[in-house]
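**Q** Take a look at query-v5.cif, mmCIF, C-alpha atoms:
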data_upload
loop_
_atom_site.group_PDB
_atom_site.id
_atom_site.type_symbol
_atom_site.label_atom_id
_atom_site.label_comp_id
_atom_site.auth_asym_id
_atom_site.auth_seq_id
_atom_site.Cartn_x
_atom_site.Cartn_y
_atom_site.Cartn_z
ATOM 1 C CA MET A 1334 0.000 0.000 0.000
ATOM 2 C CA GLY A 1335 1.479 3.337 -1.057
ATOM 3 C CA GLN A 1336 1.985 6.277 1.279
ATOM 4 C CA ARG A 1337 -0.376 9.229 0.894
ATOM 5 C CA GLU A 1338 1.336 12.596 0.918
ATOM 6 C CA ASP A 1339 -1.871 14.237 2.193
ATOM 7 C CA ALA A 1340 -2.568 11.672 4.943
ATOM 8 C CA PRO A 1341 -3.585 13.338 8.225
ATOM 9 C CA PHE A 1342 -1.738 12.704 11.470
ATOM 10 C CA PHE A 1343 -3.137 9.859 13.574
ATOM 11 C CA PRO A 1344 -4.379 10.759 17.091
ATOM 12 C CA LEU A 1345 -2.535 8.543 19.572
ATOM 13 C CA PHE A 1346 -3.132 8.723 23.329
ATOM 14 C CA VAL A 1347 -0.098 7.637 25.324
ATOM 15 C CA SER A 1348 0.920 7.628 28.966
ATOM 16 C CA LEU A 1349 3.390 10.383 29.865
ATOM 17 C CA ARG A 1350 3.574 9.369 33.509
ATOM 18 C CA GLY A 1351 7.218 9.500 34.564
ATOM 19 C CA ARG A 1352 8.513 9.998 31.034
ATOM 20 C CA ARG A 1353 11.012 12.752 30.295
ATOM 21 C CA VAL A 1354 9.830 15.522 27.992
ATOM 22 C CA VAL A 1355 12.344 18.154 26.923
ATOM 23 C CA VAL A 1356 11.238 21.674 26.047
ATOM 24 C CA ILE A 1357 13.776 23.921 24.362
ATOM 25 C CA GLY A 1358 12.796 27.548 24.881
ATOM 26 C CA GLY A 1359 11.552 29.638 27.753
ATOM 27 C CA GLY A 1360 8.927 31.965 26.324
ATOM 28 C CA ARG A 1361 5.160 32.165 25.900
ATOM 29 C CA ILE A 1362 4.821 29.137 23.621
ATOM 30 C CA ALA A 1363 6.958 26.978 25.903
ATOM 31 C CA LEU A 1364 4.941 28.049 28.953
ATOM 32 C CA ARG A 1365 1.627 27.265 27.305
ATOM 33 C CA ARG A 1366 2.766 23.805 26.292
ATOM 34 C CA VAL A 1367 4.358 23.022 29.639
ATOM 35 C CA ARG A 1368 1.120 23.956 31.388
ATOM 36 C CA ALA A 1369 -0.843 21.730 29.033
ATOM 37 C CA LEU A 1370 1.498 18.790 29.651
ATOM 38 C CA ALA A 1371 1.818 19.147 33.425
ATOM 39 C CA ASP A 1372 -1.446 17.382 34.332
ATOM 40 C CA PHE A 1373 -0.408 14.288 32.378
ATOM 41 C CA GLY A 1374 2.471 13.411 34.683
ATOM 42 C CA PRO A 1375 5.677 13.750 32.648
ATOM 43 C CA GLU A 1376 9.048 14.833 33.994
ATOM 44 C CA ILE A 1377 9.496 18.121 32.168
ATOM 45 C CA MET A 1378 12.928 19.601 31.555
ATOM 46 C CA VAL A 1379 13.106 23.114 30.129
ATOM 47 C CA VAL A 1380 16.354 24.266 28.556
ATOM 48 C CA ALA A 1381 16.702 28.018 28.073
ATOM 49 C CA PRO A 1382 19.155 30.722 29.150
ATOM 50 C CA GLU A 1383 16.165 32.857 30.155
ATOM 51 C CA CYS A 1384 12.606 31.919 31.107
ATOM 52 C CA CYS A 1385 9.374 33.831 31.420
ATOM 53 C CA ALA A 1386 7.934 34.400 34.875
ATOM 54 C CA GLY A 1387 5.455 31.540 34.586
ATOM 55 C CA LEU A 1388 8.162 28.964 33.889
ATOM 56 C CA ARG A 1389 10.365 30.346 36.658
ATOM 57 C CA GLU A 1390 7.479 29.917 39.083
ATOM 58 C CA LEU A 1391 6.948 26.306 37.998
ATOM 59 C CA ALA A 1392 10.663 25.620 38.416
ATOM 60 C CA ALA A 1393 10.730 27.226 41.866
ATOM 61 C CA ALA A 1394 7.765 25.058 42.878
ATOM 62 C CA GLY A 1395 9.619 21.929 41.751
ATOM 63 C CA LYS A 1396 7.098 21.147 39.015
ATOM 64 C CA ILE A 1397 9.652 21.317 36.214
ATOM 65 C CA THR A 1398 13.437 21.217 35.913
ATOM 66 C CA TRP A 1399 14.950 24.325 34.368
ATOM 67 C CA LEU A 1400 18.462 24.243 32.938
ATOM 68 C CA ASP A 1401 19.290 27.941 32.666
ATOM 69 C CA ARG A 1402 21.740 27.711 29.809
ATOM 70 C CA PRO A 1403 21.679 27.562 26.007
ATOM 71 C CA TYR A 1404 20.627 24.363 24.262
ATOM 72 C CA THR A 1405 23.243 21.702 23.487
ATOM 73 C CA PRO A 1406 22.659 18.710 21.164
ATOM 74 C CA GLY A 1407 22.868 16.156 23.974
ATOM 75 C CA ASP A 1408 19.853 17.673 25.733
ATOM 76 C CA VAL A 1409 17.395 15.625 23.683
ATOM 77 C CA GLU A 1410 19.005 12.252 24.385
ATOM 78 C CA GLY A 1411 16.737 9.821 26.205
ATOM 79 C CA SER A 1412 13.624 11.979 26.047
ATOM 80 C CA PHE A 1413 10.216 10.577 25.140
ATOM 81 C CA PHE A 1414 9.656 13.556 22.888
ATOM 82 C CA CYS A 1415 10.948 17.080 22.489
ATOM 83 C CA LEU A 1416 9.378 20.482 21.860
ATOM 84 C CA ALA A 1417 11.469 23.101 20.052
ATOM 85 C CA ALA A 1418 9.912 26.427 20.983
ATOM 86 C CA THR A 1419 12.569 29.117 20.801
ATOM 87 C CA ASP A 1420 12.367 32.360 18.833
ATOM 88 C CA ARG A 1421 15.546 31.502 16.911
ATOM 89 C CA ARG A 1422 15.232 29.518 13.683
ATOM 90 C CA GLU A 1423 18.782 28.171 13.850
ATOM 91 C CA VAL A 1424 18.227 26.732 17.338
ATOM 92 C CA ASN A 1425 14.902 25.122 16.435
ATOM 93 C CA ARG A 1426 16.511 23.624 13.327
ATOM 94 C CA ALA A 1427 19.416 22.283 15.411
ATOM 95 C CA VAL A 1428 16.938 20.666 17.837
ATOM 96 C CA PHE A 1429 15.119 19.064 14.906
ATOM 97 C CA THR A 1430 18.384 17.692 13.491
ATOM 98 C CA ALA A 1431 19.497 16.310 16.860
ATOM 99 C CA CYS A 1432 16.128 14.673 17.467
ATOM 100 C CA ARG A 1433 16.163 13.006 14.071
ATOM 101 C CA ALA A 1434 19.652 11.645 14.750
ATOM 102 C CA ALA A 1435 18.605 10.390 18.203
ATOM 103 C CA GLY A 1436 15.259 8.954 17.089
ATOM 104 C CA VAL A 1437 13.338 11.328 19.358
ATOM 105 C CA PRO A 1438 9.949 12.602 18.100
ATOM 106 C CA VAL A 1439 9.969 16.405 17.887
ATOM 107 C CA ASN A 1440 7.503 19.241 17.464
ATOM 108 C CA VAL A 1441 9.053 22.410 16.032
ATOM 109 C CA ALA A 1442 7.001 25.517 16.793
ATOM 110 C CA ASP A 1443 7.950 27.518 13.717
ATOM 111 C CA ARG A 1444 8.082 24.806 11.020
ATOM 112 C CA ARG A 1445 5.183 22.454 10.337
ATOM 113 C CA GLU A 1446 7.316 20.371 7.959
ATOM 114 C CA GLU A 1447 9.779 19.620 10.771
ATOM 115 C CA CYS A 1448 7.113 18.238 13.114
ATOM 116 C CA ASP A 1449 6.816 14.516 13.799
ATOM 117 C CA PHE A 1450 3.591 15.309 15.670
ATOM 118 C CA TYR A 1451 1.315 18.278 16.239
ATOM 119 C CA PHE A 1452 0.627 19.663 19.690
ATOM 120 C CA PRO A 1453 -3.169 19.582 19.915
ATOM 121 C CA ALA A 1454 -5.727 21.844 21.444
ATOM 122 C CA LEU A 1455 -6.975 19.997 24.526
ATOM 123 C CA ALA A 1456 -10.408 19.526 26.056
ATOM 124 C CA ARG A 1457 -10.790 17.669 29.365
ATOM 125 C CA SER A 1458 -13.591 16.720 31.722
ATOM 126 C CA GLY A 1459 -12.995 14.029 34.318
ATOM 127 C CA PRO A 1460 -11.705 10.951 32.470
ATOM 128 C CA LEU A 1461 -12.603 12.407 29.075
ATOM 129 C CA VAL A 1462 -9.707 13.814 27.065
ATOM 130 C CA ALA A 1463 -9.943 15.156 23.516
ATOM 131 C CA GLY A 1464 -7.116 16.411 21.354
ATOM 132 C CA ILE A 1465 -8.034 18.548 18.352
ATOM 133 C CA THR A 1466 -5.892 19.440 15.368
ATOM 134 C CA ALA A 1467 -6.506 20.717 11.851
ATOM 135 C CA SER A 1468 -3.301 19.009 10.676
ATOM 136 C CA GLY A 1469 -1.380 22.248 11.115
ATOM 137 C CA GLN A 1470 -3.327 23.874 8.273
ATOM 138 C CA ASP A 1471 -6.080 25.934 9.898
ATOM 139 C CA HIS A 1472 -5.318 27.060 13.446
ATOM 140 C CA ALA A 1473 -8.503 29.121 13.714
ATOM 141 C CA LEU A 1474 -10.585 26.060 12.860
ATOM 142 C CA ALA A 1475 -8.783 23.923 15.456
ATOM 143 C CA LYS A 1476 -9.290 26.634 18.065
ATOM 144 C CA GLU A 1477 -12.994 26.939 17.212
ATOM 145 C CA ALA A 1478 -13.521 23.174 17.322
ATOM 146 C CA ALA A 1479 -11.711 22.907 20.655
ATOM 147 C CA GLY A 1480 -13.990 25.567 22.111
ATOM 148 C CA ALA A 1481 -17.018 23.616 20.905
ATOM 149 C CA VAL A 1482 -15.765 20.373 22.469
ATOM 150 C CA ARG A 1483 -15.010 22.126 25.770
ATOM 151 C CA SER A 1484 -18.508 23.581 25.787
ATOM 152 C CA LEU A 1485 -20.004 20.156 25.151
ATOM 153 C CA PHE A 1486 -17.913 18.601 27.932
ATOM 154 C CA ALA A 1487 -18.877 21.381 30.348
ATOM 155 C CA ALA A 1488 -22.570 20.826 29.667
ATOM 156 C CA TYR A 1489 -22.221 17.266 30.929
ATOM 157 C CA GLY A 1490 -20.503 18.059 34.197
ATOM 158 C CA ASP A 1491 -17.739 15.763 35.391
ATOM 159 C CA GLY A 1492 -17.555 13.599 32.278
ATOM 160 C CA THR A 1493 -18.670 10.386 34.005
ATOM 161 C CA ARG A 1494 -20.903 7.851 32.294
ATOM 162 C CA GLU A 1495 -23.713 8.539 34.751
ATOM 163 C CA THR A 1496 -23.760 12.184 33.819
ATOM 164 C CA TRP A 1497 -23.582 11.524 30.083
ATOM 165 C CA GLU A 1498 -26.415 8.979 30.194
ATOM 166 C CA ARG A 1499 -28.920 11.464 31.575
ATOM 167 C CA ASP A 1500 -31.644 12.574 29.214
ATOM 168 C CA ASP A 1501 -30.285 15.582 27.328
ATOM 169 C CA SER A 1502 -33.618 17.340 27.848
ATOM 170 C CA GLU A 1503 -32.643 17.594 31.507
ATOM 171 C CA HIS A 1504 -30.069 20.131 30.415
ATOM 172 C CA GLY A 1505 -32.506 21.886 28.107
ATOM 173 C CA LYS A 1506 -29.903 21.873 25.337
ATOM 174 C CA THR A 1507 -28.919 19.894 22.271
ATOM 175 C CA VAL A 1508 -25.549 18.989 20.854
ATOM 176 C CA ASP A 1509 -26.094 21.620 18.151
ATOM 177 C CA THR A 1510 -26.484 24.248 20.863
ATOM 178 C CA HIS A 1511 -23.248 23.096 22.509
ATOM 179 C CA TRP A 1512 -21.465 23.385 19.156
ATOM 180 C CA GLN A 1513 -22.732 26.930 18.644
ATOM 181 C CA GLN A 1514 -21.632 27.894 22.148
ATOM 182 C CA GLY A 1515 -18.233 26.364 21.523
ATOM 183 C CA GLN A 1516 -17.804 28.360 18.345
ATOM 184 C CA GLN A 1517 -18.478 31.540 20.309
ATOM 185 C CA ALA A 1518 -16.159 30.475 23.119
ATOM 186 C CA GLY A 1519 -13.389 29.485 20.730
ATOM 187 C CA ALA A 1520 -13.562 32.811 18.936
ATOM 188 C CA GLY A 1521 -12.469 34.761 21.982
ATOM 189 C CA THR A 1522 -10.359 32.330 23.958
ATOM 190 C CA GLU A 1523 -6.871 31.047 23.294
ATOM 191 C CA PRO A 1524 -6.786 27.516 24.737
ATOM 192 C CA ALA A 1525 -3.689 26.268 26.521
ATOM 193 C CA GLY A 1526 -1.742 23.924 24.306
ATOM 194 C CA ASP A 1527 -3.614 24.638 21.080
ATOM 195 C CA GLU A 1528 -1.917 24.107 17.729
ATOM 196 C CA ALA A 1529 -1.605 27.815 17.043
ATOM 197 C CA ASP A 1530 2.168 27.571 16.848
ATOM 198 C CA SER A 1531 2.736 23.909 16.000
#
As structure tokens - that is how I would like this structure written.

**A**
Amino acid sequence: MGQREDAPFFPLFVSLRGRRVVVIGGGRIALRRVRALADFGPEIMVVAPECCAGLRELAAAGKITWLDRPYTPGDVEGSFFCLAATDRREVNRAVFTACRAAGVPVNVADRREECDFYFPALARSGPLVAGITASGQDHALAKEAAGAVRSLFAAYGDGTRETWERDDSEHGKTVDTHWQQGQQAGAGTEPAGDEADS
């Protein structure tokens, strides 16, 4: 079977518990992605000579490890995956090259063609987790869809089966209504961890 050049990326849910994730970069994009990852239990290492206040706070609280120095090629070794999120093209390219050599999946914030995976917009409610992407092609669409899914999840409370099995009339809403609300919510809200810079 031949490979399709236009094939979308496959959504794969994996355990990050105890796995090392390396983030190269200490700015807004890195912070947003670290916050999105934190609830999933990885050991996050941020490599950056300078970090934004949010990342410094997470490091001070012991929630991430911050190496306050420039990136070196060996930083990606042994990681489950890596996020290249600096504002320097040459550094992001170097991270991509090192990851390819080490067999480490990488997401490069400023180059879709250098991504082994996209960082999705996330929606969560209890045990329910949804990751939304528009295959890196339409960030506004992914953001809008994520808002709709979050609205739908919120309408059903804690995401347990008991809640979802209630008659929808109890809520006085329909799925179409939830979708419309999500479109409105997505239009004005930037979700943590969306694919806006993947």

**Q** So that I can check the surroundings of range 1347-1360 of chain A, please list as a PyMOL selection string every protein, DNA and RNA residue that reaches within 8 Å of it, counting all atoms listed in the file and ignoring chain neighbours fewer than 3 positions away.

**A** chain A and resi 1363-1364+1367+1373-1385+1388+1404+1408-1409+1411-1420+1428

**Q** Within 10 Å of Arg1445 in chain A, counting only C-alpha atoms, which residues show up once you throw out same-chain ones fewer than 2 positions away? Write them as a PyMOL selection string, please.

**A** chain A and resi 1440-1443+1447-1451+1468-1470+1530-1531

**Q** Just to confirm, what's the straight-line distance from CA of Arg1483 in chain A to CA of Ala1369 in chain A in Å (one decimal)?

**A** 14.5 Å

**Q** Grab the CA of Phe1452 in chain A to CA of Pro1403 in chain A distance for me, in Å with one decimal place.

**A**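 CA of Pro1403 in chain A lies at a distance of 23.4 Å from CA of Phe1452 in chain A.
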
**Q** Taking (-12.9, 18.6, 22.0) in the file's coordinates as the center, which residues reach within 7 Å of it, counting only C-alpha atoms, put as a list in words?

**A**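 Selection result: Leu1455, Ala1456, Ala1463, Gly1464, Ile1465, Ala1478, Ala1479, Ala1481, Val1482 and Arg1483 of chain A.
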
**Q** Would you work out the distance separating CA of Arg1457 in chain A from CA of Phe1486 in chain A, expressed in Å to one decimal?

**A**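 Going from CA of Arg1457 in chain A over to CA of Phe1486 in chain A, I get 7.3 Å.
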
**Q** Could you check which residues have any atom within 10 Å of (20.5, 12.6, 18.4), counting only C-alpha atoms with coordinates taken straight from the file, and then list them as a VMD selection string?

**A** chain A and resid 1406 to 1411 1428 to 1437

**Q** Nearest to Arg1361 in chain A among A:Gly1480, A:Ala1386, A:Ala1394, A:Phe1342, with distances taken over all atoms listed in the file: which residue is it?

**A** A:Ala1386

**Q** Tell me which of A:Ser1458, A:Ala1475, A:Arg1368, A:Pro1438 sits closest to Glu1390 in chain A, counting all atoms listed in the file.

**A**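 Of A:Ser1458, A:Ala1475, A:Arg1368, A:Pro1438, the one nearest Glu1390 in chain A, counting all atoms listed in the file, is A:Arg1368.
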
**Q** Have a look at A:Pro1460, A:Gly1387, A:Gly1395, A:Pro1344 and name the one nearest to Arg1366 in chain A; count all atoms listed in the file.

**A** A:Gly1387
